[in-house]
Every structure is written in structure tokens, then in C-alpha cells.
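Following: one structure in C-alpha cells, then a few remarks.
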Amino acid sequence: MPLFDVYPLYNVTPVSAKDVHVYDDAGTEYLDLYGGHAVISIGHAHPNYVQAVTKQVEALGFYSNAVQNPLQVQLADKIEALSGCKDYELFLCNSGAEANENALKLASFKTGKSRVIAFKNGFHGRTSAAVAATDNKNIIAPINAQQQVTILELNDIEGVKTELEKGDVCAVIVEFIQGVGGLDQGTAEFFEQVDVLCKANNTYFIADEVQSGYGRSGKFFAFQYYKVTPEVISIAKGMGNGFPIGGILIHPSIEAKYGMLGTTFGGNHLACAAGLSVLNTIEDEKLIDNVNAISEYFISIAKTIPQIKNIKGKGLMIGLEFDFEVGDLRKKLIYDEHIFTGGASNKKLLRILPPLTIKKEHVDQFFEALKRSLT
Ligand SMILES: Cc1ncc(COP(=O)(O)O)c(C=O)c1O
């Protein structure tokens, strides 16, 4: 049976990986500055992760959400401790889209409204409401298009005010650092005013931290660079270091009701064990400090490369903007230099999303390779 052909593929077949390196079926070593799309947080095959998942699958891989699962409680407590999001509550699911779908659904249930405000170049996933809030007509099917979504420019505070005052908006959803779109960010003033407007208009402020969360931005969450209090925070990607897990953190003012949200696989034992090992490792290895140190080092070198016209993002969520499209450069980096990087909807932007364990020597290797590829 052929695979449904929806992905244009690079001709590389990874078969194993360790920390920041991936190895293909011919034994070639690749430096991973892509992290499988910002997923690998504590490094490939981290011993804590391997041990936690192995031990858990031997004991109990899965049982349903109809019984007690103390691992979910441990995970919730650990997220609270590391993120500083005091008293938020946790609902677990399996992916980023599902996290945003649940966030939007919760906002709609609780406010009794249905329109969503989202932003230009935003990406929130491929499920019904999440894809409708995504600024890409090519991936919105007619069945999704019936959702009521208004897309505004980032920083258009007057637009947000006008729309919220119409009284029918359940949620404003935002990436504090845009991922797929190309690492653009709103201003502090904008985000903080949106927060105030949401509170004044019975609208939920949803922070989509699916890509920027879990330390990647240099703080536990990217929204923590600003004075805002999101009603809902969506998480996934780095949360499981490759094990599929997602979730939403829900503000303590929002009351749960039986049956309001639910899932079969979300929060299963294996996913929680993976998730706990990620948080323990982020804490024990002080990975957020490493993110900040390496980010500074990376950016200081990027500034010396004349072909780089603009450096975007924060922490280890970095965009290098050139004045040409980078498709061929990415191919050169993969096939000639054996380095994975990411692209974005902005075709001139190279996205750098390495494991949070990356060291200076890997940054040096990348810039040597980049200089060779640019000549
Ligand atoms: C900001 C953001 N939100 C949501 C998603 C969707 O996540 P998933 O692919 O796990 O459904 C992504 C994926 O790239 C993302 O970057």
C-alpha cells in the first residue's frame, strides 16, 4: 500500500540518534539544528528518557482516563513548579493541534461565544478550529472554513479592540514568537493591551506555546517575557522529547465540568513518564540556562555573517533571514554539510530549533558549514 503523498521528503533515512546528532542508514552523522521540528528538547535518546519510558512500558503503558493515574498529578505538579504558573490546572491530550482545539473549545463553552481572533502568519495546527485560526488558506478545507475566525495583523491593537467590543469573540489566540510563520513577534505593548482587552470583554487570551514553550524561548514560556495572564496555555512538541503528548494549562478561575473535555489516549501512563523525565532533565541539567547562553553565543556569531540580513526569535527559536530564498541552502546544509535546519512560510528564513542541550562547539560547526555553503 503506498503512503498518501502529502510530504515532500528529503532523501535521508534516520535510523538512530543521540543528543544533538542523528545517524542515517549509511552511518552518516547529522547535526540536528531542527529537533524534528522543535520537538527534541532534552536531546535524542537521553538516558533519563530512555530509562523512564522503558520502565513505564514494562509496568503499564496505557490505561484509560476512567481510573486514577498518579503520573498525571506528578506531571501537573512538576509543570507548575518549573513554569511558575501557580494554581493553573492541567488537561492532557496528544498533540499541539489538539491542545489548541481544546483551548478554543473551552473558551467557547465558558464564554458562550464562538468567534476567534487570530493573527497573520499564525499557525495553530490542522484540526477543525485550530486550522481555521491558522493563516494559510491552502490547508483550510470547506468543513473548517465554517468556523468564525477573524485574522488581524500582529500589533493591530485598534483592530483587536474593535473586534472584541462587538461582543461575540470567545478567544484571542496568539504565538508570542511565531513558529511556522517565521519568528515574528508582537510588541510588549501590544500583547499587554490585548490581555487587558480580553479581560474587559469576557474573551479568553490563549497563549499557543506549542513550539515556544518548555524553555525553548529562554524562559519556561515565551509569554513570560510580558505582563500577561493567559486564560489558557497550550503545550506539546518539546513536552515529550518525541513521545506524542500535548496539553492545556487552564487558569484557576475556570471551573471544570465532567465531560466538557475528554480523550482516550491523552495523559496515558507512558506519555506522562516521558513528560516527567523531560521536566526532571530540564531542571537537573539547567537547560534553560544553557538555552540563554547558547542563544547569546549563536546570535553574536550570526551578526558577523554579512549575508544574514535579520536575526529573529528568542532563545533557541532563532530565525536567520537572508535576501534570497533558502531552499537550496538548506539542501546544501543537509547533503553536503550533514546539518538539519528548518524552513518557514517566509521562504528567506532559516529556522534554528536545536535540542536544548546543544553546545558551543555545535554552533561553531554550523557557522563554518554555513560560510562554506554561502560561498
Ligand atoms: C505554534 C504551533 N501550534 C500548533 C502546532 C500544531 O502542533 P501539532 O503538529 O502537534 O498538531 C504547531 C506545529 O508546528 C505549532 O508550531
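Here, A, B, ... name the chains of the C-alpha cells in the order displayed, residue numbers run from 1 inside each chain, and ligands are numbered from 1 in the same displayed order.
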
Practice problem: For ligand 1, list the contacting residues at 10 Å or closer, counting only C-alpha atoms and all ligand atoms, as an MDAnalysis selection string. | Solution: chainID A and resid 37:39 94:101 122:127 130:131 134 174:181 207:213 234:238 244:246

Could you write out that same residue set with C-alpha atoms as an mmCIF file, in the first residue's frame?
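Contents of again_11.cif, freshly written:
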```cif
data_model
loop_
_atom_site.group_PDB
_atom_site.id
_atom_site.type_symbol
_atom_site.label_atom_id
_atom_site.label_comp_id
_atom_site.auth_asym_id
_atom_site.auth_seq_id
_atom_site.Cartn_x
_atom_site.Cartn_y
_atom_site.Cartn_z
ATOM 1 C CA HIS A 37 10.538 20.499 14.269
ATOM 2 C CA ALA A 38 11.255 21.808 17.783
ATOM 3 C CA VAL A 39 10.269 18.501 19.350
ATOM 4 C CA ASN A 94 -1.765 14.146 22.341
ATOM 5 C CA SER A 95 -0.625 16.954 20.038
ATOM 6 C CA GLY A 96 -0.381 20.692 19.512
ATOM 7 C CA ALA A 97 -3.451 20.947 17.306
ATOM 8 C CA GLU A 98 -5.469 19.013 19.832
ATOM 9 C CA ALA A 99 -4.235 21.308 22.614
ATOM 10 C CA ASN A 100 -5.401 24.393 20.687
ATOM 11 C CA GLU A 101 -8.664 22.700 19.692
ATOM 12 C CA GLY A 122 -0.023 32.381 12.682
ATOM 13 C CA PHE A 123 -0.071 28.589 12.796
ATOM 14 C CA HIS A 124 -2.129 26.631 15.313
ATOM 15 C CA GLY A 125 -2.481 23.124 13.855
ATOM 16 C CA ARG A 126 -4.630 21.172 11.451
ATOM 17 C CA THR A 127 -7.781 20.205 13.363
ATOM 18 C CA ALA A 130 -7.148 25.233 15.139
ATOM 19 C CA VAL A 131 -6.708 25.167 11.369
ATOM 20 C CA THR A 134 -4.292 29.357 11.049
ATOM 21 C CA VAL A 174 -1.508 34.070 19.691
ATOM 22 C CA GLU A 175 2.004 32.678 19.325
ATOM 23 C CA PHE A 176 4.241 35.019 21.327
ATOM 24 C CA ILE A 177 7.009 34.009 18.920
ATOM 25 C CA GLN A 178 5.580 32.808 15.605
ATOM 26 C CA GLY A 179 6.963 29.431 14.573
ATOM 27 C CA VAL A 180 5.918 28.217 11.135
ATOM 28 C CA GLY A 181 5.228 31.820 10.034
ATOM 29 C CA ALA A 207 -1.088 31.525 24.558
ATOM 30 C CA ASP A 208 -0.071 28.967 21.942
ATOM 31 C CA GLU A 209 3.207 27.758 23.468
ATOM 32 C CA VAL A 210 3.250 24.548 21.447
ATOM 33 C CA GLN A 211 6.561 25.487 19.815
ATOM 34 C CA SER A 212 7.903 28.274 22.063
ATOM 35 C CA GLY A 213 7.183 26.551 25.391
ATOM 36 C CA SER A 234 -1.340 25.249 25.049
ATOM 37 C CA ILE A 235 1.688 22.958 25.080
ATOM 38 C CA ALA A 236 3.041 19.993 23.087
ATOM 39 C CA LYS A 237 6.231 19.471 20.999
ATOM 40 C CA GLY A 238 9.166 19.653 23.498
ATOM 41 C CA PRO A 244 3.361 12.361 21.478
ATOM 42 C CA ILE A 245 1.873 14.413 24.310
ATOM 43 C CA GLY A 246 0.130 17.771 24.486
#
```

Quiz item: Can you list, as an MDAnalysis selection string, every protein, DNA or RNA residue that comes within 10 Å of Asp289 in chain A when you count only C-alpha atoms, leaving out same-chain residues fewer than 3 positions away?
Solution: chainID A and resid 215 218:219 282:283 285:286 292:295 315 356

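For the pair CA of Tyr49 in chain A and CA of Ile352 in chain A, the separation is 23.2 Å.
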
Tell me, counting only C-alpha atoms, for each residue of range 18-95 of chain A within 10 Å of range 264-279 of chain A, which pair of atoms is nearest and how far apart they are in Å to one decimal, in rows ordered by chain and increasing number, as a Markdown table.
```
| residue | atom | partner | partner_atom | distance |
| --- | --- | --- | --- | --- |
| A:Ile40 | CA | A:Val278 | CA | 9.8 |
| A:Ser41 | CA | A:Val278 | CA | 7.5 |
| A:Ile42 | CA | A:Val278 | CA | 6.3 |
| A:Gly43 | CA | A:Val278 | CA | 9.5 |
| A:His46 | CA | A:Val278 | CA | 9.1 |
| A:Pro47 | CA | A:Ser277 | CA | 9.5 |
| A:Asn48 | CA | A:Ser277 | CA | 6.0 |
| A:Tyr49 | CA | A:Ser277 | CA | 5.4 |
| A:Val50 | CA | A:Ala274 | CA | 8.4 |
| A:Gln51 | CA | A:Ser277 | CA | 8.8 |
| A:Ala52 | CA | A:Ala273 | CA | 5.9 |
| A:Val53 | CA | A:Ala274 | CA | 5.7 |
| A:Thr54 | CA | A:Leu270 | CA | 8.9 |
| A:Lys55 | CA | A:Ala273 | CA | 8.8 |
| A:Gln56 | CA | A:Leu270 | CA | 6.0 |
| A:Val57 | CA | A:Leu270 | CA | 6.3 |
| A:Glu58 | CA | A:Leu270 | CA | 9.8 |
| A:Ala59 | CA | A:His269 | CA | 9.4 |
| A:Leu60 | CA | A:His269 | CA | 6.7 |
| A:Gly61 | CA | A:Leu270 | CA | 4.9 |
| A:Phe62 | CA | A:Asn268 | CA | 5.3 |
| A:Tyr63 | CA | A:Asn268 | CA | 6.5 |
| A:Ser64 | CA | A:Thr264 | CA | 6.4 |
| A:Asn65 | CA | A:Thr264 | CA | 6.9 |
| A:Ala66 | CA | A:Thr264 | CA | 9.5 |
| A:Asn69 | CA | A:His269 | CA | 7.3 |
| A:Pro70 | CA | A:His269 | CA | 9.0 |
| A:Leu71 | CA | A:Cys272 | CA | 5.9 |
| A:Gln72 | CA | A:Cys272 | CA | 6.1 |
| A:Val73 | CA | A:Cys272 | CA | 9.3 |
| A:Gln74 | CA | A:Leu276 | CA | 7.6 |
| A:Leu75 | CA | A:Leu276 | CA | 5.7 |
| A:Ala76 | CA | A:Leu276 | CA | 9.2 |
| A:Asp77 | CA | A:Leu276 | CA | 10.0 |
| A:Lys78 | CA | A:Leu279 | CA | 7.0 |
| A:Ile79 | CA | A:Leu279 | CA | 7.4 |
| A:Ala81 | CA | A:Leu279 | CA | 9.9 |
| A:Leu82 | CA | A:Leu279 | CA | 7.7 |
| A:Leu90 | CA | A:Gly267 | CA | 10.0 |
| A:Phe91 | CA | A:Gly267 | CA | 8.0 |
| A:Leu92 | CA | A:Gly267 | CA | 5.0 |
| A:Cys93 | CA | A:Gly266 | CA | 3.8 |
| A:Asn94 | CA | A:Gly266 | CA | 5.3 |
| A:Ser95 | CA | A:Gly266 | CA | 8.9 |
```

Please produce an output containing C-alpha atoms for each residue in the selection, written as a PDB file, in the first residue's frame.
```pdb
ATOM      1  CA  ILE A  40      13.583  17.248  20.730  1.00  0.00           C
ATOM      2  CA  SER A  41      14.080  19.186  23.950  1.00  0.00           C
ATOM      3  CA  ILE A  42      16.436  17.189  26.223  1.00  0.00           C
ATOM      4  CA  GLY A  43      18.337  15.551  23.350  1.00  0.00           C
ATOM      5  CA  HIS A  46      18.602  10.953  26.647  1.00  0.00           C
ATOM      6  CA  PRO A  47      19.350   8.192  29.221  1.00  0.00           C
ATOM      7  CA  ASN A  48      16.742   9.585  31.693  1.00  0.00           C
ATOM      8  CA  TYR A  49      14.118   9.484  28.958  1.00  0.00           C
ATOM      9  CA  VAL A  50      15.029   6.013  27.692  1.00  0.00           C
ATOM     10  CA  GLN A  51      15.012   4.643  31.220  1.00  0.00           C
ATOM     11  CA  ALA A  52      11.719   6.304  32.197  1.00  0.00           C
ATOM     12  CA  VAL A  53       9.874   5.148  29.070  1.00  0.00           C
ATOM     13  CA  THR A  54      11.354   1.625  29.222  1.00  0.00           C
ATOM     14  CA  LYS A  55      10.492   1.176  32.900  1.00  0.00           C
ATOM     15  CA  GLN A  56       6.974   2.503  32.384  1.00  0.00           C
ATOM     16  CA  VAL A  57       6.169   0.374  29.340  1.00  0.00           C
ATOM     17  CA  GLU A  58       7.304  -2.695  31.265  1.00  0.00           C
ATOM     18  CA  ALA A  59       4.969  -1.785  34.133  1.00  0.00           C
ATOM     19  CA  LEU A  60       1.900  -0.212  32.475  1.00  0.00           C
ATOM     20  CA  GLY A  61       1.921   1.572  29.119  1.00  0.00           C
ATOM     21  CA  PHE A  62      -1.706   2.623  28.996  1.00  0.00           C
ATOM     22  CA  TYR A  63      -4.921   2.612  30.909  1.00  0.00           C
ATOM     23  CA  SER A  64      -7.937   4.834  30.435  1.00  0.00           C
ATOM     24  CA  ASN A  65      -8.850   8.173  31.980  1.00  0.00           C
ATOM     25  CA  ALA A  66     -11.632   6.425  33.914  1.00  0.00           C
ATOM     26  CA  ASN A  69      -3.372   7.984  37.262  1.00  0.00           C
ATOM     27  CA  PRO A  70      -0.926   9.487  39.791  1.00  0.00           C
ATOM     28  CA  LEU A  71       1.587  10.154  36.991  1.00  0.00           C
ATOM     29  CA  GLN A  72      -0.732  12.858  35.628  1.00  0.00           C
ATOM     30  CA  VAL A  73      -0.764  14.535  39.046  1.00  0.00           C
ATOM     31  CA  GLN A  74       3.042  14.343  39.282  1.00  0.00           C
ATOM     32  CA  LEU A  75       3.342  15.831  35.800  1.00  0.00           C
ATOM     33  CA  ALA A  76       0.932  18.666  36.637  1.00  0.00           C
ATOM     34  CA  ASP A  77       2.837  19.469  39.854  1.00  0.00           C
ATOM     35  CA  LYS A  78       6.164  19.472  38.038  1.00  0.00           C
ATOM     36  CA  ILE A  79       4.877  21.762  35.265  1.00  0.00           C
ATOM     37  CA  ALA A  81       6.875  24.131  39.804  1.00  0.00           C
ATOM     38  CA  LEU A  82       9.053  24.714  36.743  1.00  0.00           C
ATOM     39  CA  LEU A  90      -3.807  20.672  33.504  1.00  0.00           C
ATOM     40  CA  PHE A  91      -5.745  18.810  30.813  1.00  0.00           C
ATOM     41  CA  LEU A  92      -3.673  16.349  28.778  1.00  0.00           C
ATOM     42  CA  CYS A  93      -4.054  15.383  25.122  1.00  0.00           C
ATOM     43  CA  ASN A  94      -1.765  14.146  22.341  1.00  0.00           C
ATOM     44  CA  SER A  95      -0.625  16.954  20.038  1.00  0.00           C
TER      45      SER A  95
END
```

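The residue set within 10 Å of Tyr10 in chain A, counting only C-alpha atoms and dropping same-chain residues fewer than 2 places from it, reads Tyr7, Pro8, Val12, Thr13, Lys331, Ile334 and Tyr335 of chain A.
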
File of the preceding selection, N, CA and C atoms, as an mmCIF file, in the first residue's frame:
```
data_model
loop_
_atom_site.group_PDB
_atom_site.id
_atom_site.type_symbol
_atom_site.label_atom_id
_atom_site.label_comp_id
_atom_site.auth_asym_id
_atom_site.auth_seq_id
_atom_site.Cartn_x
_atom_site.Cartn_y
_atom_site.Cartn_z
ATOM 1 N N TYR A 7 3.788 14.743 1.993
ATOM 2 C CA TYR A 7 5.025 15.402 2.440
ATOM 3 C C TYR A 7 6.091 15.347 1.356
ATOM 4 N N PRO A 8 6.656 16.505 0.957
ATOM 5 C CA PRO A 8 7.848 16.447 0.101
ATOM 6 C C PRO A 8 9.025 16.027 0.988
ATOM 7 N N VAL A 12 16.871 11.365 3.106
ATOM 8 C CA VAL A 12 17.686 10.945 4.250
ATOM 9 C C VAL A 12 16.820 9.998 5.068
ATOM 10 N N THR A 13 17.426 8.892 5.558
ATOM 11 C CA THR A 13 16.661 7.919 6.352
ATOM 12 C C THR A 13 17.320 7.742 7.718
ATOM 13 N N LYS A 331 19.261 22.541 1.446
ATOM 14 C CA LYS A 331 19.678 21.278 0.812
ATOM 15 C C LYS A 331 21.191 21.107 0.913
ATOM 16 N N ILE A 334 22.118 20.069 4.357
ATOM 17 C CA ILE A 334 21.816 18.651 4.661
ATOM 18 C C ILE A 334 22.765 17.717 3.903
ATOM 19 N N TYR A 335 22.815 17.882 2.582
ATOM 20 C CA TYR A 335 23.514 16.866 1.768
ATOM 21 C C TYR A 335 25.028 17.027 1.779
#
```
